[in-house]
$ cat work13.pdb   # PDB, C-alpha atoms
ATOM      1  CA  ALA V   1    -149.079 -23.429 149.734
ATOM      2  CA  SER V   2    -151.260 -25.963 148.001
ATOM      3  CA  PRO V   3    -154.935 -26.132 148.889
ATOM      4  CA  THR V   4    -156.247 -28.755 151.268
ATOM      5  CA  ASN V   5    -159.538 -28.943 149.356
ATOM      6  CA  ALA V   6    -159.799 -28.521 145.612
ATOM      7  CA  ASP V   7    -162.426 -28.677 142.877
ATOM      8  CA  LEU V   8    -160.741 -29.822 139.665
ATOM      9  CA  THR V   9    -161.965 -29.757 136.069
ATOM     10  CA  ILE V  10    -161.871 -32.986 134.060
ATOM     11  CA  GLY V  11    -159.203 -32.891 131.348
ATOM     12  CA  ARG V  12    -157.242 -30.006 132.885
ATOM     13  CA  ALA V  13    -153.772 -30.478 134.401
ATOM     14  CA  TYR V  14    -152.997 -29.465 137.989
ATOM     15  CA  ARG V  15    -149.752 -29.447 139.985
ATOM     16  CA  PHE V  16    -149.537 -29.454 143.773
ATOM     17  CA  HIS V  17    -146.313 -28.600 145.578
ATOM     18  CA  PRO V  18    -144.806 -30.384 148.569
ATOM     19  CA  PRO V  19    -144.455 -28.331 151.772
ATOM     20  CA  ALA V  20    -141.851 -25.580 151.446
ATOM     21  CA  GLY V  21    -138.381 -26.920 152.147
ATOM     22  CA  SER V  22    -139.396 -30.572 152.249
ATOM     23  CA  ASP V  23    -137.513 -31.265 149.020
ATOM     24  CA  THR V  24    -134.133 -30.009 150.277
ATOM     25  CA  PRO V  25    -131.540 -31.651 152.537
ATOM     26  CA  ALA V  26    -132.191 -29.014 155.244
ATOM     27  CA  GLY V  27    -135.914 -29.659 155.026
ATOM     28  CA  TRP V  28    -135.428 -33.410 155.333
ATOM     29  CA  GLY V  29    -134.060 -32.825 158.819
ATOM     30  CA  VAL V  30    -137.192 -30.856 159.739
ATOM     31  CA  PHE V  31    -139.726 -33.228 158.207
ATOM     32  CA  LEU V  32    -138.008 -36.596 158.454
ATOM     33  CA  ALA V  33    -135.262 -36.230 161.090
ATOM     34  CA  HIS V  34    -132.760 -37.351 158.407
ATOM     35  CA  ALA V  35    -130.601 -34.890 156.526
ATOM     36  CA  ASN V  36    -128.093 -37.218 154.917
ATOM     37  CA  SER V  37    -130.184 -39.693 152.906
ATOM     38  CA  THR V  38    -132.095 -39.689 149.669
ATOM     39  CA  VAL V  39    -135.757 -38.941 150.254
ATOM     40  CA  THR V  40    -138.387 -40.775 148.230
ATOM     41  CA  TYR V  41    -141.949 -39.474 147.872
ATOM     42  CA  SER V  42    -145.056 -41.590 147.416
ATOM     43  CA  LEU V  43    -148.834 -41.214 147.433
ATOM     44  CA  ARG V  44    -151.699 -42.757 149.306
ATOM     45  CA  ILE V  45    -154.939 -42.307 147.351
ATOM     46  CA  VAL V  46    -158.336 -43.146 148.809
ATOM     47  CA  SER V  47    -161.260 -43.087 146.382
ATOM     48  CA  PRO V  48    -164.070 -45.411 145.341
ATOM     49  CA  SER V  49    -163.065 -44.601 141.741
ATOM     50  CA  ALA V  50    -160.230 -46.621 140.223
ATOM     51  CA  ALA V  51    -159.611 -43.696 137.851
ATOM     52  CA  ALA V  52    -158.187 -41.601 140.699
ATOM     53  CA  ALA V  53    -155.172 -43.900 141.019
ATOM     54  CA  ASP V  54    -154.451 -43.514 137.293
ATOM     55  CA  ASP V  55    -154.994 -39.740 137.233
ATOM     56  CA  VAL V  56    -152.679 -38.791 140.121
ATOM     57  CA  LEU V  57    -148.883 -39.044 139.823
ATOM     58  CA  VAL V  58    -145.993 -38.002 142.064
ATOM     59  CA  ASN V  59    -142.444 -37.033 141.181
ATOM     60  CA  THR V  60    -140.760 -39.477 143.561
ATOM     61  CA  ALA V  61    -137.566 -37.387 143.742
ATOM     62  CA  ARG V  62    -139.079 -33.911 144.321
ATOM     63  CA  GLY V  63    -142.550 -34.489 145.784
ATOM     64  CA  TYR V  64    -144.584 -32.597 143.218
ATOM     65  CA  VAL V  65    -148.029 -34.107 142.628
ATOM     66  CA  SER V  66    -149.673 -33.925 139.183
ATOM     67  CA  VAL V  67    -153.376 -34.533 138.626
ATOM     68  CA  VAL V  68    -155.212 -34.755 135.300
ATOM     69  CA  PRO V  69    -158.771 -35.912 136.095
ATOM     70  CA  SER V  70    -160.336 -38.204 133.497
ATOM     71  CA  THR V  71    -163.804 -38.622 135.034
ATOM     72  CA  THR V  72    -165.947 -37.461 137.948
ATOM     73  CA  TYR V  73    -164.881 -38.620 141.430
ATOM     74  CA  SER V  74    -163.865 -37.546 144.909
ATOM     75  CA  ALA V  75    -160.535 -38.611 146.356
ATOM     76  CA  SER V  76    -158.254 -38.097 149.311
ATOM     77  CA  ILE V  77    -154.606 -37.725 148.315
ATOM     78  CA  GLU V  78    -151.801 -37.958 150.854
ATOM     79  CA  LEU V  79    -148.200 -37.075 149.994
ATOM     80  CA  MET V  80    -145.784 -39.296 151.935
ATOM     81  CA  ALA V  81    -141.985 -39.147 152.214
ATOM     82  CA  GLY V  82    -139.333 -41.411 153.645
ATOM     83  CA  VAL V  83    -135.720 -42.428 153.594
ATOM     84  CA  PRO V  84    -134.387 -45.970 153.305
ATOM     85  CA  GLY V  85    -134.943 -47.933 156.508
ATOM     86  CA  SER V  86    -137.500 -45.533 158.029
ATOM     87  CA  ASP V  87    -141.267 -45.239 158.201
ATOM     88  CA  LEU V  88    -143.065 -42.951 155.787
ATOM     89  CA  VAL V  89    -144.083 -39.530 157.082
ATOM     90  CA  SER V  90    -147.243 -37.735 155.941
ATOM     91  CA  LEU V  91    -146.349 -34.320 154.492
ATOM     92  CA  ARG V  92    -149.598 -33.016 153.041
ATOM     93  CA  ASN V  93    -153.204 -34.059 152.398
ATOM     94  CA  TRP V  94    -155.652 -32.913 149.756
ATOM     95  CA  SER V  95    -159.312 -33.674 149.244
ATOM     96  CA  VAL V  96    -160.268 -33.286 145.608
ATOM     97  CA  THR V  97    -163.570 -33.428 143.783
ATOM     98  CA  THR V  98    -163.523 -33.550 139.995
ATOM     99  CA  HIS V  99    -166.185 -32.061 137.740
ATOM    100  CA  PRO V 100    -166.816 -31.703 134.016
ATOM    101  CA  ALA V 101    -166.500 -28.150 132.708
ATOM    102  CA  ASP V 102    -169.964 -26.635 132.274
ATOM    103  CA  THR V 103    -169.145 -26.004 128.605
ATOM    104  CA  THR V 104    -168.658 -29.720 127.872
ATOM    105  CA  ILE V 105    -172.350 -30.497 128.386
ATOM    106  CA  PRO V 106    -174.542 -29.008 125.584
ATOM    107  CA  THR V 107    -177.705 -29.018 127.722
ATOM    108  CA  ASN V 108    -176.024 -26.578 130.140
ATOM    109  CA  GLY V 109    -176.582 -23.872 127.503
ATOM    110  CA  PRO V 110    -179.354 -21.267 127.386
ATOM    111  CA  ALA V 111    -182.809 -22.845 127.819
ATOM    112  CA  GLY V 112    -181.132 -26.262 128.097
ATOM    113  CA  SER V 113    -179.744 -26.125 124.543
ATOM    114  CA  ASP V 114    -176.347 -25.724 122.905
ATOM    115  CA  CYS V 115    -175.161 -22.626 121.055
ATOM    116  CA  VAL V 116    -176.279 -22.669 117.416
ATOM    117  CA  ARG V 117    -173.242 -20.550 116.557
ATOM    118  CA  GLY V 118    -170.644 -18.741 118.609
ATOM    119  CA  GLU V 119    -168.552 -19.871 121.526
ATOM    120  CA  ARG V 120    -169.619 -21.454 124.802
ATOM    121  CA  VAL V 121    -168.653 -19.218 127.741
ATOM    122  CA  ASP V 122    -168.619 -20.415 131.350
ATOM    123  CA  GLY V 123    -169.164 -17.515 133.757
ATOM    124  CA  VAL V 124    -169.313 -19.530 136.999
ATOM    125  CA  ARG V 125    -167.540 -22.875 137.328
ATOM    126  CA  TYR V 126    -169.611 -25.968 138.115
ATOM    127  CA  ASP V 127    -173.017 -24.242 138.147
ATOM    128  CA  SER V 128    -174.328 -26.345 135.200
ATOM    129  CA  ASN V 129    -174.760 -23.263 132.992
ATOM    130  CA  PHE V 130    -172.986 -21.528 130.151
ATOM    131  CA  THR V 131    -173.829 -18.658 127.807
ATOM    132  CA  CYS V 132    -173.132 -18.196 124.114
ATOM    133  CA  ASP V 133    -170.814 -15.485 122.798
ATOM    134  CA  CYS V 134    -172.072 -14.436 119.364
ATOM    135  CA  PHE V 135    -169.232 -11.978 118.626
ATOM    136  CA  GLY V 136    -168.089 -12.171 115.015
ATOM    137  CA  THR V 137    -170.826 -14.608 113.905
ATOM    138  CA  GLY V 138    -173.280 -12.084 112.451
ATOM    139  CA  PHE V 139    -175.974 -13.664 114.626
ATOM    140  CA  SER V 140    -177.607 -12.705 117.928
ATOM    141  CA  GLY V 141    -179.937 -14.235 120.496
ATOM    142  CA  SER V 142    -179.156 -16.242 123.606
ATOM    143  CA  ARG V 143    -177.946 -19.157 121.442
ATOM    144  CA  CYS V 144    -176.676 -17.072 118.476
ATOM    145  CA  GLU V 145    -179.663 -18.328 116.468
ATOM    146  CA  THR V 146    -181.026 -15.054 115.018
ATOM    147  CA  ALA V 147    -179.566 -13.625 111.788
ATOM    148  CA  GLY V 148    -178.536  -9.983 111.747
TER     149      GLY V 148
END
$ encode --input "work13.pdb" --output "structure tokens"
Amino acid sequence: ASPTNADLTIGRAYRFHPPAGSDTPAGWGVFLAHANSTVTYSLRIVSPSAAAADDVLVNTARGYVSVVPSTTYSASIELMAGVPGSDLVSLRNWSVTTHPADTTIPTNGPAGSDCVRGERVDGVRYDSNFTCDCFGTGFSGSRCETAG
């Protein structure tokens, strides 16, 4: 099952599934009380950020929701389904908060500075810190700044 609350990283793609069975004719009878029509899925997005509406898409035939956050925001996403001539039914709700990856902000590095060499490594998501991996650089130190 998809989460009801999610922290998402900016620039990363996410896919949320509709409720099990809701995308099959048998499931339509359970969720919509119609088993003989074509179901169409839609979204209701509530967010003060206009970017949320552009970042969240639904496969209208299968109910899968795709999210690729482009900036920081919080949003409520509701997956709706319906058949022609009927009201929409709410199938699932998510609350999402988007964040930049810690490694995308140089001042999140050791002592508030970026790695001089090496790779940025994020040990704990969204804690505003990363470390520097000096492996293979020939340098050491918290920022890979020391020769030898």
$ closest_residue --input "work13.pdb" --among "V:Gly63, V:Pro48, V:Pro100, V:Gly109" --to "Asp133 of chain V" --atoms "all atoms listed in the file"
V:Gly109
$ resolve_selection --input "work13.pdb" --expression "the PyMOL selection byres ((chain V and resi 137) around 10)" --output "number ranges by chain"
V: 117-119, 133-136, 138-140, 144-145, 147-148
$ resolve_selection --input "work13.pdb" --expression "the PyMOL selection byres ((chain V and resi 17) around 8)" --output "PyMOL selection string"
chain V and resi 1-2+15-16+18-20+63-65
$ atom_distance --input "work13.pdb" --atom1 "atom CA of Ala51 of chain V" --atom2 "atom CA of Tyr73 of chain V"
8.1 Å
$ resolve_selection --input "work13.pdb" --expression "the PyMOL selection byres ((chain V and resi 94-99) around 10)" --output "number ranges by chain"
V: 2-11, 16, 45-47, 52, 67-79, 92-93, 100-102, 125-126
$ write_last_selection --input "work13.pdb" --atoms "C-alpha atoms" --output "PDB file, in the frame of the given file"
ATOM      1  CA  SER V   2    -151.260 -25.963 148.001  1.00  0.00           C
ATOM      2  CA  PRO V   3    -154.935 -26.132 148.889  1.00  0.00           C
ATOM      3  CA  THR V   4    -156.247 -28.755 151.268  1.00  0.00           C
ATOM      4  CA  ASN V   5    -159.538 -28.943 149.356  1.00  0.00           C
ATOM      5  CA  ALA V   6    -159.799 -28.521 145.612  1.00  0.00           C
ATOM      6  CA  ASP V   7    -162.426 -28.677 142.877  1.00  0.00           C
ATOM      7  CA  LEU V   8    -160.741 -29.822 139.665  1.00  0.00           C
ATOM      8  CA  THR V   9    -161.965 -29.757 136.069  1.00  0.00           C
ATOM      9  CA  ILE V  10    -161.871 -32.986 134.060  1.00  0.00           C
ATOM     10  CA  GLY V  11    -159.203 -32.891 131.348  1.00  0.00           C
ATOM     11  CA  PHE V  16    -149.537 -29.454 143.773  1.00  0.00           C
ATOM     12  CA  ILE V  45    -154.939 -42.307 147.351  1.00  0.00           C
ATOM     13  CA  VAL V  46    -158.336 -43.146 148.809  1.00  0.00           C
ATOM     14  CA  SER V  47    -161.260 -43.087 146.382  1.00  0.00           C
ATOM     15  CA  ALA V  52    -158.187 -41.601 140.699  1.00  0.00           C
ATOM     16  CA  VAL V  67    -153.376 -34.533 138.626  1.00  0.00           C
ATOM     17  CA  VAL V  68    -155.212 -34.755 135.300  1.00  0.00           C
ATOM     18  CA  PRO V  69    -158.771 -35.912 136.095  1.00  0.00           C
ATOM     19  CA  SER V  70    -160.336 -38.204 133.497  1.00  0.00           C
ATOM     20  CA  THR V  71    -163.804 -38.622 135.034  1.00  0.00           C
ATOM     21  CA  THR V  72    -165.947 -37.461 137.948  1.00  0.00           C
ATOM     22  CA  TYR V  73    -164.881 -38.620 141.430  1.00  0.00           C
ATOM     23  CA  SER V  74    -163.865 -37.546 144.909  1.00  0.00           C
ATOM     24  CA  ALA V  75    -160.535 -38.611 146.356  1.00  0.00           C
ATOM     25  CA  SER V  76    -158.254 -38.097 149.311  1.00  0.00           C
ATOM     26  CA  ILE V  77    -154.606 -37.725 148.315  1.00  0.00           C
ATOM     27  CA  GLU V  78    -151.801 -37.958 150.854  1.00  0.00           C
ATOM     28  CA  LEU V  79    -148.200 -37.075 149.994  1.00  0.00           C
ATOM     29  CA  ARG V  92    -149.598 -33.016 153.041  1.00  0.00           C
ATOM     30  CA  ASN V  93    -153.204 -34.059 152.398  1.00  0.00           C
ATOM     31  CA  PRO V 100    -166.816 -31.703 134.016  1.00  0.00           C
ATOM     32  CA  ALA V 101    -166.500 -28.150 132.708  1.00  0.00           C
ATOM     33  CA  ASP V 102    -169.964 -26.635 132.274  1.00  0.00           C
ATOM     34  CA  ARG V 125    -167.540 -22.875 137.328  1.00  0.00           C
ATOM     35  CA  TYR V 126    -169.611 -25.968 138.115  1.00  0.00           C
TER      36      TYR V 126
END
$ residues_around --input "work13.pdb" --residues "Cys132 of chain V" --least-positions-apart "6" --cutoff "6 Å" --atoms "all atoms listed in the file" --output "JSON, numbers by chain"
{"V": [115, 119, 120, 121, 143]}
$ atom_distance --input "work13.pdb" --atom1 "atom CA of Val124 of chain V" --atom2 "atom CA of Thr104 of chain V"
13.7 Å
$ atom_distance --input "work13.pdb" --atom1 "atom CA of Ser128 of chain V" --atom2 "atom CA of Val116 of chain V"
18.3 Å
$ decode --input "work13.pdb" --residues "segment 42-81 of chain V" --atoms "N, CA and C atoms" --output "tab-separated table (two decimals), in the first residue's frame"
chain	number	residue	atom	x	y	z
V	42	SER	N	-8.80	10.77	-11.52
V	42	SER	CA	-8.39	12.17	-11.53
V	42	SER	C	-7.78	12.51	-10.17
V	43	LEU	N	-7.23	13.71	-10.07
V	43	LEU	CA	-6.58	14.15	-8.84
V	43	LEU	C	-7.21	15.42	-8.33
V	44	ARG	N	-7.19	15.57	-7.02
V	44	ARG	CA	-7.49	16.85	-6.38
V	44	ARG	C	-6.23	17.17	-5.58
V	45	ILE	N	-5.60	18.31	-5.90
V	45	ILE	CA	-4.36	18.70	-5.25
V	45	ILE	C	-4.60	20.00	-4.51
V	46	VAL	N	-4.26	20.01	-3.22
V	46	VAL	CA	-4.39	21.22	-2.42
V	46	VAL	C	-3.00	21.60	-1.93
V	47	SER	N	-2.53	22.77	-2.36
V	47	SER	CA	-1.21	23.25	-1.95
V	47	SER	C	-1.14	24.74	-2.23
V	48	PRO	N	-0.47	25.50	-1.36
V	48	PRO	CA	-0.26	26.91	-1.67
V	48	PRO	C	0.74	27.12	-2.81
V	49	SER	N	1.46	26.06	-3.18
V	49	SER	CA	2.45	26.15	-4.25
V	49	SER	C	1.85	25.71	-5.59
V	50	ALA	N	1.93	26.58	-6.57
V	50	ALA	CA	1.45	26.23	-7.91
V	50	ALA	C	2.26	25.08	-8.52
V	51	ALA	N	3.51	24.92	-8.07
V	51	ALA	CA	4.36	23.87	-8.61
V	51	ALA	C	3.78	22.48	-8.36
V	52	ALA	N	3.06	22.31	-7.26
V	52	ALA	CA	2.52	20.98	-6.94
V	52	ALA	C	1.62	20.48	-8.06
V	53	ALA	N	0.80	21.34	-8.61
V	53	ALA	CA	-0.11	20.93	-9.69
V	53	ALA	C	0.65	20.49	-10.94
V	54	ASP	N	1.83	21.06	-11.17
V	54	ASP	CA	2.63	20.69	-12.34
V	54	ASP	C	3.46	19.43	-12.08
V	55	ASP	N	3.77	19.16	-10.82
V	55	ASP	CA	4.66	18.05	-10.47
V	55	ASP	C	3.95	16.72	-10.30
V	56	VAL	N	2.62	16.74	-10.14
V	56	VAL	CA	1.86	15.53	-9.84
V	56	VAL	C	0.98	15.18	-11.03
V	57	LEU	N	1.09	13.94	-11.51
V	57	LEU	CA	0.32	13.48	-12.66
V	57	LEU	C	-0.36	12.16	-12.32
V	58	VAL	N	-1.50	11.89	-12.96
V	58	VAL	CA	-2.19	10.62	-12.77
V	58	VAL	C	-2.39	9.95	-14.12
V	59	ASN	N	-2.23	8.63	-14.14
V	59	ASN	CA	-2.61	7.84	-15.30
V	59	ASN	C	-4.12	7.67	-15.20
V	60	THR	N	-4.85	8.37	-16.05
V	60	THR	CA	-6.31	8.43	-15.94
V	60	THR	C	-6.99	7.09	-16.20
V	61	ALA	N	-6.28	6.14	-16.82
V	61	ALA	CA	-6.87	4.84	-17.11
V	61	ALA	C	-6.57	3.80	-16.02
V	62	ARG	N	-5.45	3.95	-15.30
V	62	ARG	CA	-5.05	2.94	-14.32
V	62	ARG	C	-4.98	3.44	-12.88
V	63	GLY	N	-4.92	4.75	-12.67
V	63	GLY	CA	-4.93	5.29	-11.33
V	63	GLY	C	-3.58	5.44	-10.66
V	64	TYR	N	-2.51	5.17	-11.38
V	64	TYR	CA	-1.19	5.37	-10.79
V	64	TYR	C	-0.86	6.86	-10.76
V	65	VAL	N	-0.28	7.30	-9.65
V	65	VAL	CA	0.07	8.71	-9.47
V	65	VAL	C	1.59	8.83	-9.52
V	66	SER	N	2.10	9.75	-10.35
V	66	SER	CA	3.53	10.01	-10.45
V	66	SER	C	3.82	11.41	-9.92
V	67	VAL	N	4.89	11.52	-9.14
V	67	VAL	CA	5.29	12.80	-8.57
V	67	VAL	C	6.79	12.98	-8.80
V	68	VAL	N	7.16	14.13	-9.38
V	68	VAL	CA	8.56	14.52	-9.50
V	68	VAL	C	8.64	15.95	-8.98
V	69	PRO	N	8.93	16.12	-7.68
V	69	PRO	CA	8.96	17.47	-7.10
V	69	PRO	C	10.02	18.35	-7.75
V	70	SER	N	9.66	19.61	-7.99
V	70	SER	CA	10.58	20.56	-8.60
V	70	SER	C	11.05	21.63	-7.63
V	71	THR	N	10.38	21.76	-6.49
V	71	THR	CA	10.72	22.77	-5.50
V	71	THR	C	10.16	22.32	-4.15
V	72	THR	N	10.41	23.10	-3.12
V	72	THR	CA	9.94	22.77	-1.78
V	72	THR	C	8.49	23.18	-1.60
V	73	TYR	N	7.65	22.27	-1.13
V	73	TYR	CA	6.26	22.58	-0.80
V	73	TYR	C	5.64	21.44	-0.01
V	74	SER	N	4.48	21.69	0.54
V	74	SER	CA	3.63	20.66	1.13
V	74	SER	C	2.35	20.62	0.31
V	75	ALA	N	1.79	19.43	0.16
V	75	ALA	CA	0.56	19.30	-0.63
V	75	ALA	C	-0.25	18.12	-0.13
V	76	SER	N	-1.55	18.22	-0.33
V	76	SER	CA	-2.47	17.13	-0.11
V	76	SER	C	-2.91	16.65	-1.48
V	77	ILE	N	-2.78	15.35	-1.72
V	77	ILE	CA	-3.12	14.77	-3.01
V	77	ILE	C	-4.21	13.73	-2.79
V	78	GLU	N	-5.31	13.86	-3.53
V	78	GLU	CA	-6.41	12.93	-3.40
V	78	GLU	C	-6.66	12.26	-4.75
V	79	LEU	N	-6.61	10.94	-4.77
V	79	LEU	CA	-6.91	10.17	-5.98
V	79	LEU	C	-8.41	9.92	-6.02
V	80	MET	N	-9.05	10.35	-7.10
V	80	MET	CA	-10.49	10.21	-7.29
V	80	MET	C	-10.74	9.27	-8.47
V	81	ALA	N	-11.91	8.62	-8.47
V	81	ALA	CA	-12.29	7.77	-9.59
V	81	ALA	C	-13.79	7.90	-9.82
